[in-house]
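See below for protein-v4.txt, which holds compact mmCIF, N, CA and C atoms.
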```txt
# COMPACT_ATOMS: atom_id res chain seq x y z
N MET H 659 68.11 134.75 100.71
CA MET H 659 69.19 133.78 100.76
C MET H 659 70.02 134.01 102.01
N HIS H 660 70.36 132.92 102.66
CA HIS H 660 71.13 132.98 103.91
C HIS H 660 72.61 132.84 103.59
N THR H 661 73.40 133.79 104.01
CA THR H 661 74.85 133.69 103.80
C THR H 661 75.51 133.45 105.14
N GLU H 662 76.42 132.52 105.15
CA GLU H 662 77.13 132.17 106.38
C GLU H 662 78.61 132.37 106.16
N ASN H 663 79.29 132.80 107.19
CA ASN H 663 80.72 133.00 107.11
C ASN H 663 81.39 131.62 107.10
N ASN H 664 82.10 131.30 106.02
CA ASN H 664 82.74 130.00 105.88
C ASN H 664 84.14 129.94 106.48
N ASN H 665 84.56 130.98 107.20
CA ASN H 665 85.90 130.98 107.81
C ASN H 665 86.04 129.89 108.86
N SER H 666 84.92 129.47 109.45
CA SER H 666 85.02 128.47 110.51
C SER H 666 85.40 127.08 109.97
N LEU H 667 85.29 126.88 108.64
CA LEU H 667 85.62 125.58 108.07
C LEU H 667 86.97 125.55 107.39
N LYS H 668 87.63 126.66 107.26
CA LYS H 668 88.92 126.70 106.59
C LYS H 668 90.04 126.36 107.56
N PRO H 669 90.93 125.47 107.17
CA PRO H 669 92.07 125.16 108.04
C PRO H 669 92.91 126.40 108.31
N GLY H 670 93.38 126.49 109.52
CA GLY H 670 94.24 127.61 109.89
C GLY H 670 93.49 128.82 110.40
N THR H 671 92.18 128.80 110.35
CA THR H 671 91.41 129.92 110.87
C THR H 671 91.05 129.64 112.31
N GLN H 672 90.64 130.66 113.00
CA GLN H 672 90.39 130.55 114.43
C GLN H 672 89.24 129.58 114.73
N GLY H 673 88.24 129.50 113.89
CA GLY H 673 87.08 128.67 114.16
C GLY H 673 87.19 127.24 113.68
N HIS H 674 88.33 126.82 113.17
CA HIS H 674 88.47 125.47 112.64
C HIS H 674 88.33 124.46 113.77
N ARG H 675 87.33 123.58 113.66
CA ARG H 675 87.03 122.67 114.76
C ARG H 675 87.79 121.35 114.69
N TYR H 676 88.32 121.00 113.55
CA TYR H 676 88.90 119.67 113.39
C TYR H 676 90.42 119.66 113.55
N LYS H 677 90.99 120.78 113.81
CA LYS H 677 92.44 120.84 113.94
C LYS H 677 92.86 120.24 115.29
N THR H 678 93.77 119.30 115.25
CA THR H 678 94.25 118.69 116.48
C THR H 678 95.73 119.01 116.65
N PHE H 679 96.14 119.06 117.87
CA PHE H 679 97.53 119.37 118.17
C PHE H 679 98.15 118.21 118.93
N MET H 680 99.34 117.85 118.54
CA MET H 680 100.08 116.81 119.23
C MET H 680 101.46 117.38 119.52
N SER H 681 101.89 117.21 120.75
CA SER H 681 103.19 117.75 121.12
C SER H 681 104.31 117.03 120.38
N ASN H 682 105.42 117.71 120.25
CA ASN H 682 106.59 117.09 119.60
C ASN H 682 107.07 115.86 120.37
N LYS H 683 106.95 115.91 121.70
CA LYS H 683 107.38 114.78 122.52
C LYS H 683 106.55 113.54 122.19
N ALA H 684 105.24 113.72 122.09
CA ALA H 684 104.36 112.60 121.77
C ALA H 684 104.63 112.08 120.36
N LYS H 685 104.85 112.98 119.41
CA LYS H 685 105.16 112.56 118.05
C LYS H 685 106.45 111.75 118.00
N ASN H 686 107.46 112.21 118.73
CA ASN H 686 108.74 111.51 118.76
C ASN H 686 108.61 110.13 119.40
N GLN H 687 107.80 110.04 120.47
CA GLN H 687 107.61 108.74 121.11
C GLN H 687 106.90 107.77 120.17
N LEU H 688 105.87 108.23 119.48
CA LEU H 688 105.17 107.38 118.53
C LEU H 688 106.08 106.97 117.38
N ARG H 689 106.89 107.90 116.90
CA ARG H 689 107.83 107.60 115.83
C ARG H 689 108.81 106.52 116.28
N ASP H 690 109.34 106.66 117.50
CA ASP H 690 110.29 105.67 118.02
C ASP H 690 109.66 104.29 118.16
N ILE H 691 108.40 104.24 118.59
CA ILE H 691 107.70 102.97 118.73
C ILE H 691 107.50 102.31 117.37
N MET H 692 107.12 103.11 116.37
CA MET H 692 106.93 102.56 115.02
C MET H 692 108.26 102.09 114.42
N LEU H 693 109.33 102.85 114.65
CA LEU H 693 110.65 102.43 114.14
C LEU H 693 111.11 101.13 114.81
N GLN H 694 110.86 101.03 116.11
CA GLN H 694 111.26 99.81 116.82
C GLN H 694 110.42 98.63 116.33
N ALA H 695 109.13 98.83 116.10
CA ALA H 695 108.28 97.76 115.59
C ALA H 695 108.76 97.32 114.20
N HIS H 696 109.14 98.27 113.38
CA HIS H 696 109.64 97.95 112.05
C HIS H 696 110.93 97.11 112.16
N THR H 697 111.78 97.45 113.10
CA THR H 697 113.01 96.69 113.33
C THR H 697 112.69 95.26 113.76
N PHE H 698 111.70 95.10 114.64
CA PHE H 698 111.29 93.76 115.08
C PHE H 698 110.80 92.93 113.90
N ILE H 699 110.07 93.56 113.00
CA ILE H 699 109.55 92.85 111.83
C ILE H 699 110.71 92.40 110.94
N ARG H 700 111.65 93.32 110.67
CA ARG H 700 112.78 93.01 109.78
C ARG H 700 113.73 91.98 110.37
N LYS H 701 114.14 92.18 111.62
CA LYS H 701 115.19 91.34 112.20
C LYS H 701 114.69 90.06 112.86
N ASN H 702 113.45 90.07 113.36
CA ASN H 702 112.96 88.92 114.11
C ASN H 702 111.80 88.21 113.42
N GLY H 703 111.34 88.72 112.29
CA GLY H 703 110.27 88.07 111.55
C GLY H 703 108.92 88.11 112.24
N MET H 704 108.71 89.09 113.11
CA MET H 704 107.43 89.22 113.81
C MET H 704 106.37 89.77 112.86
N SER H 705 105.11 89.49 113.19
CA SER H 705 104.01 90.12 112.46
C SER H 705 103.90 91.56 112.96
N LEU H 706 103.16 92.39 112.24
CA LEU H 706 102.99 93.79 112.65
C LEU H 706 102.34 93.87 114.03
N SER H 707 101.35 93.03 114.26
CA SER H 707 100.66 93.03 115.55
C SER H 707 101.62 92.68 116.70
N GLU H 708 102.40 91.62 116.52
CA GLU H 708 103.37 91.22 117.55
C GLU H 708 104.42 92.30 117.77
N ALA H 709 104.90 92.88 116.67
CA ALA H 709 105.95 93.89 116.76
C ALA H 709 105.46 95.13 117.48
N LEU H 710 104.26 95.59 117.18
CA LEU H 710 103.71 96.77 117.86
C LEU H 710 103.47 96.49 119.34
N LYS H 711 102.98 95.30 119.65
CA LYS H 711 102.74 94.93 121.05
C LYS H 711 104.05 94.93 121.83
N CYS H 712 105.09 94.38 121.24
CA CYS H 712 106.40 94.32 121.88
C CYS H 712 107.02 95.71 122.01
N ALA H 713 106.88 96.54 120.98
CA ALA H 713 107.43 97.89 121.01
C ALA H 713 106.75 98.73 122.10
N TRP H 714 105.42 98.61 122.20
CA TRP H 714 104.69 99.35 123.25
C TRP H 714 105.09 98.85 124.64
N ALA H 715 105.24 97.54 124.80
CA ALA H 715 105.64 96.98 126.10
C ALA H 715 107.02 97.50 126.50
N ASN H 716 107.94 97.59 125.54
CA ASN H 716 109.28 98.12 125.83
C ASN H 716 109.22 99.59 126.21
N ALA H 717 108.38 100.37 125.54
CA ALA H 717 108.25 101.79 125.87
C ALA H 717 107.67 101.97 127.28
N LYS H 718 106.67 101.15 127.61
CA LYS H 718 106.07 101.23 128.94
C LYS H 718 107.05 100.79 130.02
N LEU H 719 107.84 99.74 129.73
CA LEU H 719 108.83 99.27 130.69
C LEU H 719 109.87 100.35 130.96
N ARG H 720 110.38 100.96 129.91
CA ARG H 720 111.39 102.01 130.09
C ARG H 720 110.84 103.18 130.90
N ALA H 721 109.61 103.59 130.61
CA ALA H 721 108.99 104.69 131.34
C ALA H 721 108.80 104.32 132.81
N ALA H 722 108.37 103.09 133.08
CA ALA H 722 108.18 102.65 134.46
C ALA H 722 109.50 102.56 135.21
N MET H 723 110.56 102.08 134.53
CA MET H 723 111.85 101.93 135.19
C MET H 723 112.49 103.27 135.54
N THR H 724 112.11 104.35 134.88
CA THR H 724 112.68 105.65 135.23
C THR H 724 112.08 106.19 136.52
N THR H 725 110.98 105.60 136.99
CA THR H 725 110.33 106.10 138.21
C THR H 725 110.37 105.14 139.39
N ARG H 726 110.59 103.83 139.13
CA ARG H 726 110.53 102.84 140.22
C ARG H 726 111.24 101.55 139.82
N ILE H 727 111.28 100.60 140.76
CA ILE H 727 111.79 99.26 140.48
C ILE H 727 110.65 98.45 139.89
N VAL H 728 110.90 97.81 138.75
CA VAL H 728 109.86 97.10 138.01
C VAL H 728 110.19 95.62 137.92
N LYS H 729 109.17 94.79 138.11
CA LYS H 729 109.32 93.34 137.91
C LYS H 729 108.87 93.03 136.48
N PHE H 730 109.71 92.33 135.72
CA PHE H 730 109.37 91.99 134.34
C PHE H 730 110.00 90.65 133.99
N TYR H 731 109.54 90.09 132.88
CA TYR H 731 110.01 88.79 132.42
C TYR H 731 110.50 88.91 130.99
N PHE H 732 111.61 88.22 130.69
CA PHE H 732 112.10 88.18 129.32
C PHE H 732 112.69 86.80 129.03
N LEU H 733 112.83 86.51 127.76
CA LEU H 733 113.37 85.24 127.30
C LEU H 733 114.88 85.36 127.16
N LYS H 734 115.61 84.51 127.86
CA LYS H 734 117.07 84.53 127.76
C LYS H 734 117.49 83.88 126.46
N LEU H 735 118.75 84.09 126.08
CA LEU H 735 119.26 83.54 124.82
C LEU H 735 119.26 82.02 124.80
N ASP H 736 119.35 81.38 125.97
CA ASP H 736 119.32 79.91 126.02
C ASP H 736 117.89 79.36 125.99
N GLY H 737 116.88 80.24 125.93
CA GLY H 737 115.48 79.81 125.81
C GLY H 737 114.70 79.77 127.10
N THR H 738 115.36 80.00 128.23
CA THR H 738 114.66 80.00 129.51
C THR H 738 114.08 81.39 129.80
N THR H 739 113.06 81.41 130.64
CA THR H 739 112.43 82.67 131.03
C THR H 739 113.11 83.20 132.28
N ARG H 740 113.40 84.48 132.30
CA ARG H 740 114.04 85.11 133.46
C ARG H 740 113.12 86.14 134.06
N GLU H 741 112.95 86.07 135.37
CA GLU H 741 112.22 87.09 136.13
C GLU H 741 113.26 88.10 136.61
N ALA H 742 113.03 89.38 136.34
CA ALA H 742 114.01 90.39 136.71
C ALA H 742 113.34 91.55 137.44
N TYR H 743 114.09 92.16 138.32
CA TYR H 743 113.68 93.39 139.00
C TYR H 743 114.71 94.44 138.61
N GLY H 744 114.28 95.42 137.84
CA GLY H 744 115.22 96.40 137.35
C GLY H 744 114.71 97.82 137.45
N THR H 745 115.63 98.76 137.35
CA THR H 745 115.28 100.17 137.43
C THR H 745 116.27 101.01 136.63
N LEU H 746 115.86 102.21 136.33
CA LEU H 746 116.73 103.24 135.76
C LEU H 746 116.59 104.53 136.56
N LYS H 747 115.97 104.43 137.74
CA LYS H 747 115.72 105.59 138.59
C LYS H 747 117.05 106.17 139.07
N ALA H 748 117.21 107.47 138.89
CA ALA H 748 118.50 108.13 139.11
C ALA H 748 119.01 108.01 140.55
N ASP H 749 118.13 108.03 141.54
CA ASP H 749 118.62 107.98 142.92
C ASP H 749 118.93 106.55 143.39
N ILE H 750 118.60 105.54 142.62
CA ILE H 750 118.93 104.14 142.96
C ILE H 750 120.16 103.67 142.19
N VAL H 751 120.25 104.09 140.93
CA VAL H 751 121.34 103.66 140.05
C VAL H 751 122.64 104.37 140.44
N PRO H 752 123.76 103.63 140.54
CA PRO H 752 125.03 104.28 140.88
C PRO H 752 125.53 105.14 139.72
N ALA H 753 126.34 106.12 140.06
CA ALA H 753 126.92 106.99 139.04
C ALA H 753 127.84 106.17 138.14
N THR H 754 127.77 106.45 136.85
CA THR H 754 128.61 105.72 135.89
C THR H 754 129.44 106.70 135.08
N LEU H 755 130.58 106.22 134.66
CA LEU H 755 131.44 107.02 133.78
C LEU H 755 131.12 106.66 132.34
N ASP H 756 131.36 107.58 131.44
CA ASP H 756 131.14 107.31 130.02
C ASP H 756 132.15 106.27 129.55
N SER H 757 131.66 105.13 129.07
CA SER H 757 132.55 104.04 128.65
C SER H 757 133.06 104.25 127.23
N GLY H 758 132.45 105.16 126.51
CA GLY H 758 132.85 105.38 125.13
C GLY H 758 132.24 104.39 124.16
N ARG H 759 131.42 103.46 124.67
CA ARG H 759 130.77 102.46 123.82
C ARG H 759 129.55 103.05 123.16
N LYS H 760 129.32 102.64 121.94
CA LYS H 760 128.13 103.07 121.21
C LYS H 760 126.93 102.27 121.72
N PRO H 761 125.82 102.93 122.09
CA PRO H 761 124.67 102.18 122.60
C PRO H 761 124.04 101.31 121.51
N ASN H 762 123.59 100.14 121.90
CA ASN H 762 122.93 99.21 120.97
C ASN H 762 121.42 99.42 121.08
N PRO H 763 120.75 99.87 120.03
CA PRO H 763 119.31 100.15 120.10
C PRO H 763 118.43 98.91 120.22
N SER H 764 118.97 97.72 119.96
CA SER H 764 118.16 96.51 120.06
C SER H 764 118.22 95.88 121.45
N VAL H 765 118.95 96.50 122.37
CA VAL H 765 119.14 95.97 123.71
C VAL H 765 118.65 96.97 124.75
N GLN H 766 117.94 96.47 125.76
CA GLN H 766 117.49 97.31 126.88
C GLN H 766 118.45 97.09 128.05
N VAL H 767 119.07 98.15 128.50
CA VAL H 767 119.97 98.09 129.64
C VAL H 767 119.17 98.47 130.89
N TYR H 768 119.43 97.78 131.99
CA TYR H 768 118.75 98.09 133.24
C TYR H 768 119.66 97.77 134.41
N PHE H 769 119.36 98.37 135.56
CA PHE H 769 120.13 98.09 136.77
C PHE H 769 119.37 97.04 137.56
N ASP H 770 119.96 95.85 137.70
CA ASP H 770 119.33 94.73 138.40
C ASP H 770 119.53 94.91 139.89
N THR H 771 118.44 95.16 140.61
CA THR H 771 118.51 95.41 142.06
C THR H 771 118.64 94.13 142.86
N GLU H 772 118.38 92.97 142.27
CA GLU H 772 118.46 91.70 142.96
C GLU H 772 119.85 91.09 142.91
N ARG H 773 120.67 91.56 142.02
CA ARG H 773 121.99 90.95 141.78
C ARG H 773 123.03 91.50 142.76
N GLY H 774 123.56 90.63 143.57
CA GLY H 774 124.64 91.02 144.49
C GLY H 774 124.18 91.98 145.58
N GLU H 775 125.15 92.48 146.31
CA GLU H 775 124.85 93.37 147.43
C GLU H 775 124.46 94.77 146.96
N HIS H 776 125.10 95.24 145.91
CA HIS H 776 124.87 96.60 145.45
C HIS H 776 124.20 96.67 144.08
N GLY H 777 123.76 95.56 143.54
CA GLY H 777 123.14 95.55 142.22
C GLY H 777 124.18 95.46 141.12
N GLU H 778 123.69 95.33 139.90
CA GLU H 778 124.59 95.16 138.77
C GLU H 778 123.87 95.57 137.48
N TRP H 779 124.63 96.11 136.54
CA TRP H 779 124.07 96.46 135.24
C TRP H 779 123.88 95.20 134.41
N ARG H 780 122.72 95.08 133.75
CA ARG H 780 122.41 93.94 132.90
C ARG H 780 121.67 94.42 131.67
N CYS H 781 121.44 93.53 130.72
CA CYS H 781 120.69 93.89 129.53
C CYS H 781 119.98 92.67 128.96
N PHE H 782 119.01 92.92 128.08
CA PHE H 782 118.32 91.86 127.36
C PHE H 782 117.89 92.41 126.00
N LYS H 783 117.64 91.51 125.06
CA LYS H 783 117.16 91.92 123.75
C LYS H 783 115.72 92.42 123.88
N LYS H 784 115.44 93.58 123.33
CA LYS H 784 114.11 94.16 123.43
C LYS H 784 113.04 93.25 122.83
N ALA H 785 113.39 92.53 121.80
CA ALA H 785 112.42 91.62 121.15
C ALA H 785 112.05 90.44 122.04
N ASN H 786 112.85 90.18 123.09
CA ASN H 786 112.60 89.04 123.98
C ASN H 786 111.81 89.40 125.23
N LEU H 787 111.33 90.63 125.35
CA LEU H 787 110.51 91.01 126.50
C LEU H 787 109.19 90.25 126.43
N LEU H 788 108.84 89.56 127.50
CA LEU H 788 107.61 88.79 127.54
C LEU H 788 106.46 89.56 128.17
N ARG H 789 106.69 90.08 129.37
CA ARG H 789 105.63 90.87 130.03
C ARG H 789 106.18 91.65 131.21
N ILE H 790 105.40 92.62 131.62
CA ILE H 790 105.72 93.44 132.78
C ILE H 790 104.74 93.05 133.87
N ALA H 791 105.24 92.75 135.06
CA ALA H 791 104.36 92.33 136.16
C ALA H 791 103.78 93.53 136.89
```

Show me this structure written as structure tokens.
Amino acid sequence: MHTENNNSLKPGTQGHRYKTFMSNKAKNQLRDIMLQAHTFIRKNGMSLSEALKCAWANAKLRAAMTTRIVKFYFLKLDGTTREAYGTLKADIVPATLDSGRKPNPSVQVYFDTERGEHGEWRCFKKANLLRIA
């Protein structure tokens, strides 16, 4: 009779082949995307597919804006489409003082580089993001 060491199949042992690791940062990002999608479903009546697509687009936009100026499109409250060039890159954005205002999680704030001579802070509803160019 052939006996084999079964330690390689037990979870938590050194030889366990199916154990996967995910960093806390990645878990938190996925959790935030799912929470935002759930909010889109509740408040805007989106389907799960639409909500997840919009939540991922918002996450990608925010990540891109921290590194460069991004061209994107969103739906304004009056129903028209707006083309915007925005960033959150630290060396482009002017220093700001704490206003004491509570941040609104349903709104994306960005620094509009096209507005005026020195730019201007603007925002849009996250659920109204159409696409990133």

Option closest in space to Ala709 of chain H, from H:Ile750, H:Ala695, H:Ala722, H:Val767 [counting all atoms listed in the file]: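 When distances to Ala709 of chain H are compared using all atoms listed in the file, the smallest one comes from H:Ala695.
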
Between atom N of Leu706 of chain H and atom C of Ser764 of chain H - distance in Å to one decimal: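 So the answer is 18.0 Å.
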
Backbone-only DSSP, helix (DSSP H, G or I) members of chain H, as JSON, numbers by chain: {"H": [664, 665, 666, 667, 682, 683, 684, 685, 686, 687, 688, 689, 690, 691, 692, 693, 694, 695, 696, 697, 698, 699, 700, 701, 702, 706, 707, 708, 709, 710, 711, 712, 713, 714, 715, 716, 717, 718, 719, 720, 721, 722, 723, 784, 785, 786]}

Point-to-point distance in Å for atom CA of Lys683 of chain H and atom CA of Met704 of chain H: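 So the answer is 27.0 Å.
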
Per residue of segment 679-762 of chain H within 8 Å of segment 776-783 of chain H, note the shortest atom pair and the distance in Å to one decimal, counting all atoms listed in the file, and order the rows by chain and increasing residue number, as a tab-separated table.
```
residue	atom	partner	partner_atom	distance
H:Phe732	CA	H:Phe782	CA	7.5
H:Leu733	C	H:Lys783	N	7.1
H:Lys734	CA	H:Phe782	CA	7.4
H:Leu735	N	H:Lys783	N	7.6
H:Pro752	N	H:His776	C	7.8
```

Nearest to Arg773 of chain H, chosen from H:Leu693, H:Glu741, H:Asn786, H:Thr754, with only C-alpha atoms counted in the distances: H:Glu741

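Using only N, CA and C atoms, the shortest contact distance between Cys712 of chain H and any of H:Lys747, H:Phe730, H:Ala791, H:Lys784 is found at H:Lys784.
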
Among listed residues H:Gly703, H:Gly758, H:Gln687, H:Met692, nearest Arg720 of chain H (using only C-alpha atoms): H:Gln687

Nearest to Tyr768 of chain H, chosen from H:Ala717, H:Ala742, H:Leu710, H:Ile691, with only C-alpha atoms counted in the distances: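 Smallest separation from Tyr768 of chain H among the options: H:Ala742.
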
Point-to-point distance from atom CA of Phe769 of chain H to atom CA of Thr739 of chain H, Å rounded to tenths: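 Rounded to one decimal, the two atoms are 18.2 Å apart.
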
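With only N, CA and C atoms as the atoms that count, the residue of H:Asn716, H:Thr745, H:Asn702, H:Gln766 with the shortest distance to Val728 of chain H is H:Thr745.
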
Sel. of strand (DSSP E) residues, chain H, as a list of chain:residue names: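 These are the residues in question: H:Val728, H:Lys729, H:Phe730, H:Tyr731, H:Phe732, H:Leu733, H:Thr739, H:Arg740, H:Glu741, H:Ala742, H:Tyr743, H:Gly744, H:Thr745, H:Val765, H:Gln766, H:Val767, H:Tyr768, H:Phe769, H:Asp770, H:Glu778, H:Trp779, H:Arg780, H:Cys781, H:Phe782, H:Lys783, H:Leu787, H:Leu788, H:Arg789, H:Ile790.
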
My structure is short of atoms at segment 758-769 of chain H; please model all heavy atoms there, returning them as a PDB file, in the coordinates of the input.
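Result file result30.pdb:
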```pdb
ATOM      1  N   GLY H 758     132.450 105.160 126.510  1.00  0.00           N
ATOM      2  CA  GLY H 758     132.850 105.380 125.130  1.00  0.00           C
ATOM      3  C   GLY H 758     132.240 104.390 124.160  1.00  0.00           C
ATOM      4  O   GLY H 758     132.487 104.449 122.965  1.00  0.00           O
ATOM      5  N   ARG H 759     131.420 103.460 124.670  1.00  0.00           N
ATOM      6  CA  ARG H 759     130.770 102.460 123.820  1.00  0.00           C
ATOM      7  C   ARG H 759     129.550 103.050 123.160  1.00  0.00           C
ATOM      8  O   ARG H 759     128.819 103.838 123.752  1.00  0.00           O
ATOM      9  CB  ARG H 759     130.361 101.250 124.646  1.00  0.00           C
ATOM     10  CG  ARG H 759     131.542 100.463 125.169  1.00  0.00           C
ATOM     11  CD  ARG H 759     131.117  99.361 126.081  1.00  0.00           C
ATOM     12  NE  ARG H 759     130.277  98.399 125.369  1.00  0.00           N
ATOM     13  CZ  ARG H 759     129.820  97.287 125.911  1.00  0.00           C
ATOM     14  NH1 ARG H 759     130.109  97.002 127.160  1.00  0.00           N
ATOM     15  NH2 ARG H 759     129.073  96.470 125.219  1.00  0.00           N
ATOM     16  N   LYS H 760     129.320 102.640 121.940  1.00  0.00           N
ATOM     17  CA  LYS H 760     128.130 103.070 121.210  1.00  0.00           C
ATOM     18  C   LYS H 760     126.930 102.270 121.720  1.00  0.00           C
ATOM     19  O   LYS H 760     126.996 101.035 121.807  1.00  0.00           O
ATOM     20  CB  LYS H 760     128.342 102.816 119.714  1.00  0.00           C
ATOM     21  CG  LYS H 760     127.226 103.271 118.842  1.00  0.00           C
ATOM     22  CD  LYS H 760     127.544 102.986 117.386  1.00  0.00           C
ATOM     23  CE  LYS H 760     126.334 103.249 116.533  1.00  0.00           C
ATOM     24  NZ  LYS H 760     126.554 102.841 115.145  1.00  0.00           N
ATOM     25  N   PRO H 761     125.820 102.930 122.090  1.00  0.00           N
ATOM     26  CA  PRO H 761     124.670 102.180 122.600  1.00  0.00           C
ATOM     27  C   PRO H 761     124.040 101.310 121.510  1.00  0.00           C
ATOM     28  O   PRO H 761     123.966 101.706 120.347  1.00  0.00           O
ATOM     29  CB  PRO H 761     123.715 103.264 123.074  1.00  0.00           C
ATOM     30  CG  PRO H 761     124.161 104.514 122.421  1.00  0.00           C
ATOM     31  CD  PRO H 761     125.610 104.358 122.096  1.00  0.00           C
ATOM     32  N   ASN H 762     123.590 100.140 121.900  1.00  0.00           N
ATOM     33  CA  ASN H 762     122.930  99.210 120.970  1.00  0.00           C
ATOM     34  C   ASN H 762     121.420  99.420 121.080  1.00  0.00           C
ATOM     35  O   ASN H 762     120.834  99.126 122.125  1.00  0.00           O
ATOM     36  CB  ASN H 762     123.311  97.782 121.331  1.00  0.00           C
ATOM     37  CG  ASN H 762     122.776  96.768 120.364  1.00  0.00           C
ATOM     38  OD1 ASN H 762     121.918  97.063 119.540  1.00  0.00           O
ATOM     39  ND2 ASN H 762     123.284  95.545 120.469  1.00  0.00           N
ATOM     40  N   PRO H 763     120.750  99.870 120.030  1.00  0.00           N
ATOM     41  CA  PRO H 763     119.310 100.150 120.100  1.00  0.00           C
ATOM     42  C   PRO H 763     118.430  98.910 120.220  1.00  0.00           C
ATOM     43  O   PRO H 763     117.275  99.017 120.597  1.00  0.00           O
ATOM     44  CB  PRO H 763     119.013 100.904 118.801  1.00  0.00           C
ATOM     45  CG  PRO H 763     120.099 100.529 117.873  1.00  0.00           C
ATOM     46  CD  PRO H 763     121.302 100.223 118.716  1.00  0.00           C
ATOM     47  N   SER H 764     118.970  97.720 119.960  1.00  0.00           N
ATOM     48  CA  SER H 764     118.160  96.510 120.060  1.00  0.00           C
ATOM     49  C   SER H 764     118.220  95.880 121.450  1.00  0.00           C
ATOM     50  O   SER H 764     117.602  94.844 121.697  1.00  0.00           O
ATOM     51  CB  SER H 764     118.590  95.488 119.009  1.00  0.00           C
ATOM     52  OG  SER H 764     119.892  95.035 119.272  1.00  0.00           O
ATOM     53  N   VAL H 765     118.950  96.500 122.370  1.00  0.00           N
ATOM     54  CA  VAL H 765     119.140  95.970 123.710  1.00  0.00           C
ATOM     55  C   VAL H 765     118.650  96.970 124.750  1.00  0.00           C
ATOM     56  O   VAL H 765     118.915  98.167 124.639  1.00  0.00           O
ATOM     57  CB  VAL H 765     120.642  95.639 123.942  1.00  0.00           C
ATOM     58  CG1 VAL H 765     120.921  95.294 125.383  1.00  0.00           C
ATOM     59  CG2 VAL H 765     121.094  94.524 123.041  1.00  0.00           C
ATOM     60  N   GLN H 766     117.940  96.470 125.760  1.00  0.00           N
ATOM     61  CA  GLN H 766     117.490  97.310 126.880  1.00  0.00           C
ATOM     62  C   GLN H 766     118.450  97.090 128.050  1.00  0.00           C
ATOM     63  O   GLN H 766     118.600  95.971 128.522  1.00  0.00           O
ATOM     64  CB  GLN H 766     116.066  96.965 127.296  1.00  0.00           C
ATOM     65  CG  GLN H 766     115.592  97.687 128.538  1.00  0.00           C
ATOM     66  CD  GLN H 766     115.540  99.192 128.349  1.00  0.00           C
ATOM     67  OE1 GLN H 766     114.857  99.683 127.461  1.00  0.00           O
ATOM     68  NE2 GLN H 766     116.260  99.920 129.166  1.00  0.00           N
ATOM     69  N   VAL H 767     119.070  98.150 128.500  1.00  0.00           N
ATOM     70  CA  VAL H 767     119.970  98.090 129.640  1.00  0.00           C
ATOM     71  C   VAL H 767     119.170  98.470 130.890  1.00  0.00           C
ATOM     72  O   VAL H 767     118.332  99.372 130.835  1.00  0.00           O
ATOM     73  CB  VAL H 767     121.165  99.056 129.452  1.00  0.00           C
ATOM     74  CG1 VAL H 767     122.058  99.058 130.671  1.00  0.00           C
ATOM     75  CG2 VAL H 767     121.945  98.682 128.209  1.00  0.00           C
ATOM     76  N   TYR H 768     119.430  97.780 131.990  1.00  0.00           N
ATOM     77  CA  TYR H 768     118.750  98.090 133.240  1.00  0.00           C
ATOM     78  C   TYR H 768     119.660  97.770 134.410  1.00  0.00           C
ATOM     79  O   TYR H 768     120.622  97.012 134.275  1.00  0.00           O
ATOM     80  CB  TYR H 768     117.419  97.324 133.369  1.00  0.00           C
ATOM     81  CG  TYR H 768     117.568  95.830 133.511  1.00  0.00           C
ATOM     82  CD1 TYR H 768     117.532  95.227 134.764  1.00  0.00           C
ATOM     83  CD2 TYR H 768     117.727  95.013 132.397  1.00  0.00           C
ATOM     84  CE1 TYR H 768     117.664  93.857 134.900  1.00  0.00           C
ATOM     85  CE2 TYR H 768     117.865  93.650 132.522  1.00  0.00           C
ATOM     86  CZ  TYR H 768     117.830  93.079 133.783  1.00  0.00           C
ATOM     87  OH  TYR H 768     117.967  91.712 133.920  1.00  0.00           O
ATOM     88  N   PHE H 769     119.360  98.370 135.560  1.00  0.00           N
ATOM     89  CA  PHE H 769     120.130  98.090 136.770  1.00  0.00           C
ATOM     90  C   PHE H 769     119.370  97.040 137.560  1.00  0.00           C
ATOM     91  O   PHE H 769     118.251  97.275 138.022  1.00  0.00           O
ATOM     92  CB  PHE H 769     120.315  99.372 137.584  1.00  0.00           C
ATOM     93  CG  PHE H 769     121.230  99.197 138.757  1.00  0.00           C
ATOM     94  CD1 PHE H 769     122.593  99.081 138.563  1.00  0.00           C
ATOM     95  CD2 PHE H 769     120.731  99.138 140.043  1.00  0.00           C
ATOM     96  CE1 PHE H 769     123.453  98.905 139.644  1.00  0.00           C
ATOM     97  CE2 PHE H 769     121.569  98.972 141.119  1.00  0.00           C
ATOM     98  CZ  PHE H 769     122.935  98.856 140.922  1.00  0.00           C
TER      99      PHE H 769
END
```
